[in-house]
Amino acid sequence: MLNANSLKVAVRVRPFNQREKAMRSKCIISMAGNNCTIVDPKDPSHKRTFTFDHCYWSTDGYIENDQGVYLPDGPHSRYIDQERVFNDLGRAVLENAWKGYNASLFSYGLTGSGKSYLMTGYGRNKGLVPMICEELFQEIKQHQNKDRQYYVYFSMFEIYNEQVQDLLSKGRKPNGLRVREGRHGFYVECLKSVPCSTFKQLEVLLDQGIRNRSVASTNWNTTSSRSHMVISVHFQQVVTDQFMMKHSEINLVDLAGSERQHSAGVASDRFNEARAINLSLTTLGNVISSLSDKAVGRRVQYVPYRNSVLTRLLSTALGGNSKTIMVTTISPADIYYDGTMSTLRFAERAKNIQNRAVINESLTEQLLIDLKADNTRLQARIAELEKAGDICTDEQEMLKGLIVDNEQQLKEMQKSWQQKLEEAKREWEQRYSSITKEEKMVTEFPYFLNVNEDPQLSGVVRYFIHQGSEDEFVFFNYDDWLVKPKTYLNISGTSAIGRTVVSEQDIVLKGLGILDKHAMITVCGDKVLLEPVNKAKITVNGIALLTKYQLYHLWRPGAMVMLGGLETTEAPWWSGVWLRGQAVPTWHTGRSQLTHQRCLAVATGQPGGARAGETQKENPNLAGIFHDFIAIMPMVAQVNQISEELDKGVTFEVEVKNLTSTNARGEELEKEIIVKVTNEQTKQVEIWPRDKFTDRKLLIEGIYQRFLENGTVHNKMEQDPFWDPVEILHLGSAHVWLETLAYCIAYEDQVDVINYRGKVEAVIQIRLLPCTSSGNPLGEESVIVDPGDLLGKRMDFQMQISLCLGVKWIRGHSGRGVQIGFMMYGLPVMFCTPAVWNHANLLLDYTMCFTIQRVTTDFLNYLKTHAVVLELWGLQGNGDPVKSTDDRSGQKSPFPSWDAEFAKALKTFYFNMIGVRGRLIQLKEVRPLDEERIHCLRYFANERSELIKELGEELESCVGRLKNDVAKIIRRKKELQIDATALA
Ligand code: ADP
Ligand code: MG
């Protein structure tokens with residue numbers, strides 16, 4: 001079916017988690033052979049089946065043995081355990097690596113879908129990374145002899161916010177490591193690559209890397225769900241008697257949660273950083289789409305590898321020199337239907353991708369000679385450029401990059417393996433001794449363990465409470481993840497936990513709600529006492545601590561001490577479990593109780609709320625909203641707390657949009673989580689979609705982080721992610737049914753404007769009047785019995801909006817106004833009343849006349865089945881005419897018209913053209929490196945023809961897109977024949 005160079009795609013479905021079980025979620029995934037079927041929970045007749053190379057069922061049919069390993073529960077079980085996945089996929093990776101192919105494997109899926117379980121695994125349920133590495137060393141042992149030597153280098157890094165951070169190095173680089181382009185593709189400069197000769201060594205590095213990630217996620221503004229983790233194993237085989245060398249780069253990638261890819265819809269956000277957070281994943285999606293289109297013979301714009309760090313580094317894995325496997329992980333639960341569906345679609349596209357893997361084989365001696373000669377020439381070219389006065393051109397930059405790359409390779413080759421191994425071993429031994437010390441201490445001393453939202457990062461950082469004298473001690477310090485042996489002084493007195501270090505024995509924590517001096521720990525004999533300083537927030541098992549409190553050894557399982565964080569048990573930035581040898585409580589147990597209660601009350605619209613299961617049975621959309629609500633609540637609470645600490649005067653509230661609203665046909669509107677943002681000082685209000693909120697939250701956390709680090713907040717108003725310029729708000733809507741018009745009957749009513757909470761926001765006085773062509777109302781004698789009589793005739797009617805009463809938005813607030821907008825029969829303009837201000841009961845006196853030249857069946861149907869939805873818009877901003885949108889005055893309307901559509905098409909074109917111009921400049925600047933060298937010349941020629949091809953394709957696509965856009969606008973304009981005139 002698929003050829004050997006196709007990207008292999010597998011899908012794995014995990015068991016239900018606690019939360020899904022609690023919500024009584026239904027399973028919407030089934031698997032048979034290589035087919036995976038997903039059912040739409042809203043419409044069970046709607047099924048879709050996907051075919052992949054492997055479908056792994058891991059949802060049920062398993063038991064946990066006494067070691068904690070998940071295994072099939074019998075000979076007929078369909079459960080696929082970690083071992084089986086390794087036997088299929090892990091062994092394929094190894095086989096390719098031995099042949100000298102580059103091999104890549106990446107996991108893709110929503111946060112919590114099982115990516116990390118698959119890649120690194122948890123506890124005894126080891127994942128692919130450790131199993132592949134362990135097996136690699138096993139196989140090496142079997143093959144090794146005096147003429148065959150094998151070298152393994154291990155590196156591990158994280159991409160967050162377009163920055164690369166080395167997970168094996170101490171500390172973090174402020175702007176991350178640089179990504180350069182070398183002869184064999186892109187690589188990370190100065191990335192630590194540690195030689196390993198045993199699996200034990202590598203395992204320690206892997207653990208340390210994950211620990212580093214965990215510390216970073218607590219202390220810096222990152223979360224593993226937003227970052228990509230790349231583990232890279234460089235495997236070299238040297239056959240000395242044949243002067244032959246093979247090498248393979250094994251890349252194992254745990255991608256950021258794929259929900260981030262979709263939230264790139266916030267592209268209109270004025271913050272570039274917000275876009276950068278998702279850039280890598282969005283670009284990955286685009287790269288895969290382009291490659292997939294290309295593979296099925298479609299015409300493709302250029303493949304945008306260069307647009308993000310992740311895709312640059314994965315460019316060989318995707319469509320390049322690599323044998324690649326992608327595993328998509330999914331949840332079986334109905335509440336994730338949309339996310340799972342898009343994950344599966346993504347996988348479907350990915351399987352088309354064709355790679356061009358070649359065996360990386362070379363003659364060792366020749367390579368050395370080549371590299372040296374190459375560098376001499378490159379240097380000569382640079383000297384030439386400098387002589388000609390060309391300083392700092394792009395070409396020089398590139399040449400320098402190539403030299404660095406070559407030198408690195410030379411150095412690596414010349415340095416003997418033994419020597420490198422010795423160096424690495426010394427470092428490793430230091431780490432290892434710390435680890436064994438820690439292991440010993442775990443059995444001897446009580447300690448705090450961190451709890452993180454991501455299970456992979458939970459329980460990896462330890463703080464020991466040690467009562468003792470001045471003996472050698474290992475202390476894990478937050479700022480300095482590398483375990484450093486140091487003397488941990490006597491804590492039998494009192495030591496502090498807080499933001500600032502006062503003395504050696506203090507524990508430094510940074511995080512939300514943690515004060516400079518937050519808590520005191522006193523160790524006194526067998527007793528350990530914890531006491532909050534001033535009014536610092538501490539909870540012990542969910543109960544706020546007010547005075548000194550004794551903590552016990554071997555407390556009940558899941559005991560949790562929470563420092564800082566929020567008033568409730570939700571979402572701490574840092575928290576600890578006190579106790580040794582007990583199960584680590586999960587993040588969700590820590591915060592679930594309260595959120596459930598509150599959310600139910602809102603999501604069902606009933607005080608007290610229905611039970612979760614019931615909600616869901618009635619309406620799957622509501623169940624999804626319920627789930628989103630739980631997820632966003634703690635985030636909103638966190639941002640509120642930051643806002644308070646930074647004295648921002650902005651508050652955030654979660655709301656459900658369209659909780660009770662219907663569309664023009666009376667059908668329920670899609671519910672959606674929104675966040676209402678209120679500026680407490682001006683009382684101005686904004687509504688943010690959920691994605692905008694989650695992206696802004698990252699920026700807000702960034703500001704908070706700076707505040708923690710330097711005590712200052714960047715305070716340029718236009719850069720403030722807490723607040724946006726004044727916007728127009730949607731307050732609610734009212735329905736005016738049109739059916740009376742079909743019988744030429746006048747209609748007058750007071751209609752309620754219902755807001756998103758289902759409450760009456762205002763009342764609108766409205767009239768629908770059939771009239772003559774000169775605008776005079778028709779009398780009762782004109783009433784018709786059969787609307788069919790109107791067919792083919794001209795029809796005139798008026799819409800009058802006279803009053804808007806009791807507007808809650810305005811009541812008691814100055815500087816606020818309203819405006820009503822509505823659409824009519826597919827006309828592309830929103831008709832608007834003039835803006836009126838500062839009074840809760842408003843005289844609008846607005847009349848709009850509509851003329852239909854020839855009544856059609858379609859129009860009659862429209863009248864019979866549709867309502868005009870009157871949208872009430874809230875205006876704010878101290879009486880400024882924010883948007884005076886009376887159409888009659890010809891002033892700018894906030895709603896799209898044809899002009900706006902044309903402008904949009906042109907703008908898209910303009911931005912696309914900027915891209916094209918950039919490529920043209922790039923093209924002009926590519927020059928051959930050195931004409932004498934065939935090798936270089938070919939490199940140049942390839943690059944140039946590639947660029948020309950990309951340029952051509954881009955240009956074609958820009959022009960084509962503009963043509964399409966314009967044609968579409970003209971076509972739609974022609975289609976709509978109804979005229980509207982306003983009465984002066
Ligand atoms: P991700 O890395 O995609 O965010 P995780 O790998 O951390 O998700 O998985 C979330 C939870 O689901 C973890 O507690 C993990 O133990 C559990 N889990 C995931 N996949 C499986 C599986 N195949 N079998 C059993 N448990 C699983
Ligand atoms: Mg994970």
# chains A, B, ... in the order shown; residues from 1 in each chain; ligands from 1
>>> residues_around(residues="Lys864 in chain A", least_positions_apart="4", cutoff="8 Å", atoms="only C-alpha atoms", output="VMD selection string")
chain A and resid 738 to 739 742 860
>>> write_last_selection(atoms="all heavy atoms", output="PDB file, in the first residue's frame")
ATOM      1  N   LEU A 738     -40.368  37.084  10.787  1.00  0.00           N
ATOM      2  CA  LEU A 738     -40.779  37.843   9.609  1.00  0.00           C
ATOM      3  C   LEU A 738     -42.058  37.315   8.958  1.00  0.00           C
ATOM      4  O   LEU A 738     -42.521  37.870   7.978  1.00  0.00           O
ATOM      5  CB  LEU A 738     -39.644  37.802   8.576  1.00  0.00           C
ATOM      6  CG  LEU A 738     -38.349  38.480   9.014  1.00  0.00           C
ATOM      7  CD1 LEU A 738     -37.232  38.164   8.039  1.00  0.00           C
ATOM      8  CD2 LEU A 738     -38.549  39.983   9.121  1.00  0.00           C
ATOM      9  N   GLU A 739     -42.595  36.241   9.503  1.00  0.00           N
ATOM     10  CA  GLU A 739     -43.661  35.551   8.790  1.00  0.00           C
ATOM     11  C   GLU A 739     -44.842  36.461   8.421  1.00  0.00           C
ATOM     12  O   GLU A 739     -45.418  36.332   7.345  1.00  0.00           O
ATOM     13  CB  GLU A 739     -44.165  34.359   9.623  1.00  0.00           C
ATOM     14  CG  GLU A 739     -44.920  33.393   8.754  1.00  0.00           C
ATOM     15  CD  GLU A 739     -45.279  32.117   9.490  1.00  0.00           C
ATOM     16  OE1 GLU A 739     -44.940  32.019  10.684  1.00  0.00           O
ATOM     17  OE2 GLU A 739     -45.902  31.248   8.861  1.00  0.00           O
ATOM     18  N   ALA A 742     -45.071  37.907   4.967  1.00  0.00           N
ATOM     19  CA  ALA A 742     -45.473  37.057   3.855  1.00  0.00           C
ATOM     20  C   ALA A 742     -46.979  37.173   3.608  1.00  0.00           C
ATOM     21  O   ALA A 742     -47.470  36.843   2.530  1.00  0.00           O
ATOM     22  CB  ALA A 742     -45.097  35.620   4.135  1.00  0.00           C
ATOM     23  N   LEU A 860     -39.685  33.994  -0.175  1.00  0.00           N
ATOM     24  CA  LEU A 860     -40.875  33.670   0.629  1.00  0.00           C
ATOM     25  C   LEU A 860     -40.534  32.675   1.739  1.00  0.00           C
ATOM     26  O   LEU A 860     -40.971  32.813   2.877  1.00  0.00           O
ATOM     27  CB  LEU A 860     -41.973  33.089  -0.261  1.00  0.00           C
ATOM     28  CG  LEU A 860     -42.858  34.107  -0.985  1.00  0.00           C
ATOM     29  CD1 LEU A 860     -43.986  33.390  -1.704  1.00  0.00           C
ATOM     30  CD2 LEU A 860     -43.429  35.144  -0.024  1.00  0.00           C
TER      31      LEU A 860
END
>>> residues_near_ligand(ligand="ligand 2", cutoff="7 Å", atoms="only C-alpha atoms and all ligand atoms", output="PDB file with N, CA and C atoms, in the first residue's frame")
ATOM      1  N   THR A 111      -2.905  17.788  24.554  1.00  0.00           N
ATOM      2  CA  THR A 111      -2.300  17.654  25.872  1.00  0.00           C
ATOM      3  C   THR A 111      -3.099  16.616  26.670  1.00  0.00           C
ATOM      4  N   GLY A 112      -2.368  15.719  27.299  1.00  0.00           N
ATOM      5  CA  GLY A 112      -3.041  14.700  28.099  1.00  0.00           C
ATOM      6  C   GLY A 112      -3.486  13.492  27.293  1.00  0.00           C
ATOM      7  N   GLY A 114      -1.445  11.269  25.859  1.00  0.00           N
ATOM      8  CA  GLY A 114      -0.542  10.124  26.009  1.00  0.00           C
ATOM      9  C   GLY A 114       0.765  10.227  25.233  1.00  0.00           C
ATOM     10  N   LYS A 115       1.158  11.422  24.829  1.00  0.00           N
ATOM     11  CA  LYS A 115       2.413  11.581  24.084  1.00  0.00           C
ATOM     12  C   LYS A 115       3.615  11.208  24.939  1.00  0.00           C
ATOM     13  N   SER A 116       3.647  11.745  26.155  1.00  0.00           N
ATOM     14  CA  SER A 116       4.803  11.487  27.003  1.00  0.00           C
ATOM     15  C   SER A 116       4.812  10.046  27.492  1.00  0.00           C
ATOM     16  N   SER A 224       5.302  22.319  29.824  1.00  0.00           N
ATOM     17  CA  SER A 224       5.674  21.335  28.826  1.00  0.00           C
ATOM     18  C   SER A 224       4.592  21.177  27.766  1.00  0.00           C
ATOM     19  N   SER A 225       3.341  21.495  28.104  1.00  0.00           N
ATOM     20  CA  SER A 225       2.316  21.321  27.082  1.00  0.00           C
ATOM     21  C   SER A 225       2.497  22.328  25.958  1.00  0.00           C
ATOM     22  N   ASP A 454       1.491  18.849  34.483  1.00  0.00           N
ATOM     23  CA  ASP A 454       1.854  17.786  33.572  1.00  0.00           C
ATOM     24  C   ASP A 454       2.412  16.608  34.368  1.00  0.00           C
ATOM     25  N   GLN A 456       4.230  14.263  33.638  1.00  0.00           N
ATOM     26  CA  GLN A 456       5.634  13.958  33.346  1.00  0.00           C
ATOM     27  C   GLN A 456       6.581  14.775  34.240  1.00  0.00           C
TER      28      GLN A 456
END
>>> atom_distance(atom1="CA of Leu875 in chain A", atom2="CA of His730 in chain A")
9.2 Å
>>> closest_residue(among="A:Asp752, A:Asp691, A:Asp254, A:Asp147", to="ligand 1", atoms="only C-alpha atoms and all ligand atoms")
A:Asp254
>>> residues_around(residues="Gly320 in chain A", least_positions_apart="4", cutoff="7 Å", atoms="only C-alpha atoms", output="list in words")
Ser315, Thr316, Asn355, Arg356 and Ala357 of chain A
>>> closest_residue(among="A:Leu128, A:Ala4, A:Val300, A:Ile335", to="ligand 1", atoms="only C-alpha atoms and all ligand atoms")
A:Leu128
>>> residues_near_ligand(ligand="ligand 1", cutoff="9 Å", atoms="only C-alpha atoms and all ligand atoms", output="PyMOL selection string")
chain A and resi 12-17+56-60+62+70+79-82+107-122+125+224-225+254-257+329-331+454-457+586
>>> write_last_selection(atoms="N, CA and C atoms", output="CSV table (one decimal), in the first residue's frame")
chain,number,residue,atom,x,y,z
A,12,ARG,N,-2.6,5.8,18.6
A,12,ARG,CA,-2.8,5.0,19.8
A,12,ARG,C,-3.9,5.7,20.7
A,13,VAL,N,-4.8,4.9,21.2
A,13,VAL,CA,-5.9,5.5,22.0
A,13,VAL,C,-5.7,5.1,23.4
A,14,ARG,N,-5.6,6.0,24.3
A,14,ARG,CA,-5.3,5.8,25.7
A,14,ARG,C,-6.5,5.4,26.5
A,15,PRO,N,-6.4,4.9,27.8
A,15,PRO,CA,-7.5,4.7,28.6
A,15,PRO,C,-8.3,6.0,29.0
A,16,PHE,N,-9.5,5.9,29.5
A,16,PHE,CA,-10.2,7.0,30.0
A,16,PHE,C,-9.4,7.5,31.3
A,17,ASN,N,-9.3,8.8,31.5
A,17,ASN,CA,-8.7,9.3,32.7
A,17,ASN,C,-9.8,9.6,33.7
A,56,TYR,N,-3.3,1.3,17.5
A,56,TYR,CA,-3.0,0.6,18.8
A,56,TYR,C,-4.1,0.9,19.8
A,57,TRP,N,-4.8,-0.1,20.3
A,57,TRP,CA,-5.9,0.0,21.2
A,57,TRP,C,-5.3,-0.1,22.6
A,58,SER,N,-5.3,1.0,23.4
A,58,SER,CA,-4.8,0.9,24.8
A,58,SER,C,-5.9,1.4,25.8
A,59,THR,N,-7.1,1.2,25.4
A,59,THR,CA,-8.2,1.8,26.3
A,59,THR,C,-8.7,0.9,27.4
A,60,ASP,N,-8.9,-0.4,27.0
A,60,ASP,CA,-9.3,-1.3,28.1
A,60,ASP,C,-8.7,-2.7,27.9
A,62,TYR,N,-6.8,-4.3,30.2
A,62,TYR,CA,-5.5,-4.3,30.8
A,62,TYR,C,-5.6,-4.5,32.3
A,70,TYR,N,1.4,-1.9,33.2
A,70,TYR,CA,0.1,-2.2,32.5
A,70,TYR,C,0.3,-3.3,31.5
A,79,TYR,N,-5.6,-5.2,24.3
A,79,TYR,CA,-4.8,-4.1,24.8
A,79,TYR,C,-3.3,-4.2,24.3
A,80,ILE,N,-2.8,-3.0,23.8
A,80,ILE,CA,-1.5,-3.0,23.3
A,80,ILE,C,-0.6,-2.3,24.3
A,81,ASP,N,0.4,-3.0,24.9
A,81,ASP,CA,1.2,-2.4,25.9
A,81,ASP,C,2.4,-1.7,25.3
A,82,GLN,N,3.2,-1.1,26.2
A,82,GLN,CA,4.4,-0.4,25.7
A,82,GLN,C,5.4,-1.3,24.9
A,107,SER,N,5.6,12.2,18.4
A,107,SER,CA,4.3,12.0,18.9
A,107,SER,C,3.5,13.3,18.8
A,108,TYR,N,2.3,13.2,18.3
A,108,TYR,CA,1.4,14.3,18.1
A,108,TYR,C,0.1,14.1,18.7
A,109,GLY,N,-0.5,15.0,19.4
A,109,GLY,CA,-1.8,14.9,20.0
A,109,GLY,C,-2.1,16.0,21.0
A,110,LEU,N,-3.3,16.0,21.5
A,110,LEU,CA,-3.7,17.0,22.4
A,110,LEU,C,-3.0,16.8,23.7
A,111,THR,N,-2.9,17.8,24.6
A,111,THR,CA,-2.3,17.7,25.9
A,111,THR,C,-3.1,16.6,26.7
A,112,GLY,N,-2.4,15.7,27.3
A,112,GLY,CA,-3.0,14.7,28.1
A,112,GLY,C,-3.5,13.5,27.3
A,113,SER,N,-3.1,13.4,26.0
A,113,SER,CA,-3.6,12.3,25.2
A,113,SER,C,-2.6,11.1,25.3
A,114,GLY,N,-1.4,11.3,25.9
A,114,GLY,CA,-0.5,10.1,26.0
A,114,GLY,C,0.8,10.2,25.2
A,115,LYS,N,1.2,11.4,24.8
A,115,LYS,CA,2.4,11.6,24.1
A,115,LYS,C,3.6,11.2,24.9
A,116,SER,N,3.6,11.7,26.2
A,116,SER,CA,4.8,11.5,27.0
A,116,SER,C,4.8,10.0,27.5
A,117,TYR,N,3.6,9.5,27.7
A,117,TYR,CA,3.5,8.1,28.1
A,117,TYR,C,4.2,7.2,27.0
A,118,LEU,N,3.9,7.6,25.8
A,118,LEU,CA,4.4,6.8,24.7
A,118,LEU,C,5.9,7.0,24.5
A,119,MET,N,6.4,8.3,24.6
A,119,MET,CA,7.8,8.6,24.3
A,119,MET,C,8.7,8.2,25.5
A,120,THR,N,8.4,8.8,26.7
A,120,THR,CA,9.3,8.5,27.8
A,120,THR,C,8.8,7.5,28.7
A,121,GLY,N,7.4,7.5,28.8
A,121,GLY,CA,6.8,6.5,29.7
A,121,GLY,C,6.8,7.0,31.1
A,122,TYR,N,6.1,6.3,32.0
A,122,TYR,CA,6.0,6.7,33.4
A,122,TYR,C,6.4,5.5,34.3
A,125,ASN,N,6.4,1.7,33.4
A,125,ASN,CA,5.9,1.6,32.0
A,125,ASN,C,6.8,2.4,31.1
A,224,SER,N,5.3,22.3,29.8
A,224,SER,CA,5.7,21.3,28.8
A,224,SER,C,4.6,21.2,27.8
A,225,SER,N,3.3,21.5,28.1
A,225,SER,CA,2.3,21.3,27.1
A,225,SER,C,2.5,22.3,26.0
A,254,ASP,N,8.8,14.8,21.4
A,254,ASP,CA,7.5,14.8,22.1
A,254,ASP,C,7.0,16.3,21.8
A,255,LEU,N,6.0,16.4,20.9
A,255,LEU,CA,5.6,17.7,20.5
A,255,LEU,C,4.7,18.4,21.5
A,256,ALA,N,4.5,19.7,21.4
A,256,ALA,CA,3.6,20.4,22.2
A,256,ALA,C,2.2,20.0,21.9
A,257,GLY,N,1.3,20.1,22.9
A,257,GLY,CA,-0.1,19.7,22.7
A,257,GLY,C,-0.7,20.3,21.5
A,329,THR,N,-1.5,10.4,19.3
A,329,THR,CA,-2.1,9.8,20.5
A,329,THR,C,-3.5,10.5,20.7
A,330,ILE,N,-4.5,9.7,21.0
A,330,ILE,CA,-5.8,10.3,21.2
A,330,ILE,C,-6.5,9.8,22.4
A,331,SER,N,-7.5,10.6,22.9
A,331,SER,CA,-8.3,10.2,24.0
A,331,SER,C,-9.5,9.5,23.4
A,454,ASP,N,1.5,18.8,34.5
A,454,ASP,CA,1.9,17.8,33.6
A,454,ASP,C,2.4,16.6,34.4
A,455,PRO,N,1.8,15.4,34.3
A,455,PRO,CA,2.3,14.3,35.1
A,455,PRO,C,3.8,14.0,34.8
A,456,GLN,N,4.2,14.3,33.6
A,456,GLN,CA,5.6,14.0,33.3
A,456,GLN,C,6.6,14.8,34.2
A,457,LEU,N,6.1,15.9,34.6
A,457,LEU,CA,7.0,16.8,35.4
A,457,LEU,C,6.7,16.8,36.9
A,586,THR,N,-2.0,13.9,42.2
A,586,THR,CA,-1.9,14.6,40.9
A,586,THR,C,-2.5,16.0,41.1
>>> residues_around(residues="Cys744 in chain A", least_positions_apart="2", cutoff="9 Å", atoms="only C-alpha atoms", output="PyMOL selection string")
chain A and resi 740-742+746+769-771+778+780+782-784+787+797
>>> write_last_selection(atoms="N, CA and C atoms", output="CSV table (one decimal), in the first residue's frame")
chain,number,residue,atom,x,y,z
A,740,THR,N,-45.2,37.4,9.3
A,740,THR,CA,-46.3,38.3,9.0
A,740,THR,C,-46.2,39.0,7.7
A,741,LEU,N,-44.9,39.3,7.3
A,741,LEU,CA,-44.7,40.0,6.1
A,741,LEU,C,-45.2,39.2,4.9
A,742,ALA,N,-45.1,37.9,5.0
A,742,ALA,CA,-45.5,37.1,3.9
A,742,ALA,C,-47.0,37.2,3.6
A,746,ALA,N,-49.0,44.1,9.0
A,746,ALA,CA,-48.1,44.9,9.8
A,746,ALA,C,-47.9,44.3,11.2
A,769,LEU,N,-43.5,47.0,8.7
A,769,LEU,CA,-44.6,47.5,7.9
A,769,LEU,C,-44.5,47.2,6.5
A,770,PRO,N,-45.5,46.4,5.9
A,770,PRO,CA,-45.5,46.3,4.5
A,770,PRO,C,-46.0,47.7,3.9
A,771,CYS,N,-45.4,48.1,2.8
A,771,CYS,CA,-45.8,49.5,2.3
A,771,CYS,C,-45.8,49.5,0.8
A,778,LEU,N,-49.3,50.0,4.0
A,778,LEU,CA,-50.5,49.3,3.4
A,778,LEU,C,-51.6,49.1,4.4
A,780,GLU,N,-55.3,47.4,5.9
A,780,GLU,CA,-55.7,46.0,6.2
A,780,GLU,C,-56.3,45.3,4.9
A,782,SER,N,-55.0,45.2,2.2
A,782,SER,CA,-54.0,44.6,1.4
A,782,SER,C,-53.6,43.2,1.9
A,783,VAL,N,-54.1,42.8,3.0
A,783,VAL,CA,-53.7,41.5,3.6
A,783,VAL,C,-54.0,40.4,2.6
A,784,ILE,N,-53.1,39.4,2.4
A,784,ILE,CA,-53.4,38.3,1.5
A,784,ILE,C,-53.5,37.0,2.2
A,787,PRO,N,-49.5,33.5,0.5
A,787,PRO,CA,-48.3,34.2,0.2
A,787,PRO,C,-47.8,34.0,-1.3
A,797,PHE,N,-41.2,46.9,2.1
A,797,PHE,CA,-41.6,47.0,3.5
A,797,PHE,C,-40.6,47.8,4.3
>>> residues_around(residues="Glu925 in chain A", least_positions_apart="3", cutoff="9 Å", atoms="only C-alpha atoms", output="tab-separated table (two decimals) with all heavy atoms, in the first residue's frame")
chain	number	residue	atom	x	y	z
A	394	ASP	N	25.43	38.77	4.22
A	394	ASP	CA	24.80	37.49	4.51
A	394	ASP	C	25.70	36.34	4.07
A	394	ASP	O	25.76	35.30	4.69
A	394	ASP	CB	23.46	37.36	3.79
A	394	ASP	CG	22.39	38.12	4.54
A	394	ASP	OD1	22.72	38.62	5.63
A	394	ASP	OD2	21.27	38.22	4.02
A	395	GLU	N	26.39	36.59	2.96
A	395	GLU	CA	27.24	35.53	2.45
A	395	GLU	C	28.34	35.19	3.45
A	395	GLU	O	28.62	34.03	3.73
A	395	GLU	CB	27.86	35.95	1.11
A	395	GLU	CG	28.67	34.81	0.51
A	395	GLU	CD	29.39	35.18	-0.77
A	395	GLU	OE1	29.13	36.27	-1.29
A	395	GLU	OE2	30.21	34.37	-1.23
A	920	LEU	N	13.01	37.29	-3.33
A	920	LEU	CA	13.75	37.81	-4.48
A	920	LEU	C	15.10	38.37	-4.02
A	920	LEU	O	16.14	38.14	-4.62
A	920	LEU	CB	12.92	38.90	-5.16
A	920	LEU	CG	13.42	39.35	-6.52
A	920	LEU	CD1	13.27	38.22	-7.53
A	920	LEU	CD2	12.65	40.57	-7.01
A	921	ILE	N	15.04	39.09	-2.89
A	921	ILE	CA	16.28	39.65	-2.36
A	921	ILE	C	17.24	38.53	-1.98
A	921	ILE	O	18.43	38.55	-2.31
A	921	ILE	CB	15.98	40.54	-1.13
A	921	ILE	CG1	15.20	41.78	-1.59
A	921	ILE	CG2	17.26	40.95	-0.43
A	921	ILE	CD1	14.62	42.60	-0.46
A	922	GLN	N	16.68	37.52	-1.35
A	922	GLN	CA	17.48	36.35	-0.94
A	922	GLN	C	18.16	35.75	-2.16
A	922	GLN	O	19.34	35.43	-2.16
A	922	GLN	CB	16.51	35.33	-0.34
A	922	GLN	CG	17.06	34.50	0.76
A	922	GLN	CD	15.95	33.53	1.25
A	922	GLN	OE1	14.78	33.67	0.93
A	922	GLN	NE2	16.35	32.57	2.02
>>> atom_distance(atom1="CA of Gly821 in chain A", atom2="CA of Thr833 in chain A")
6.5 Å
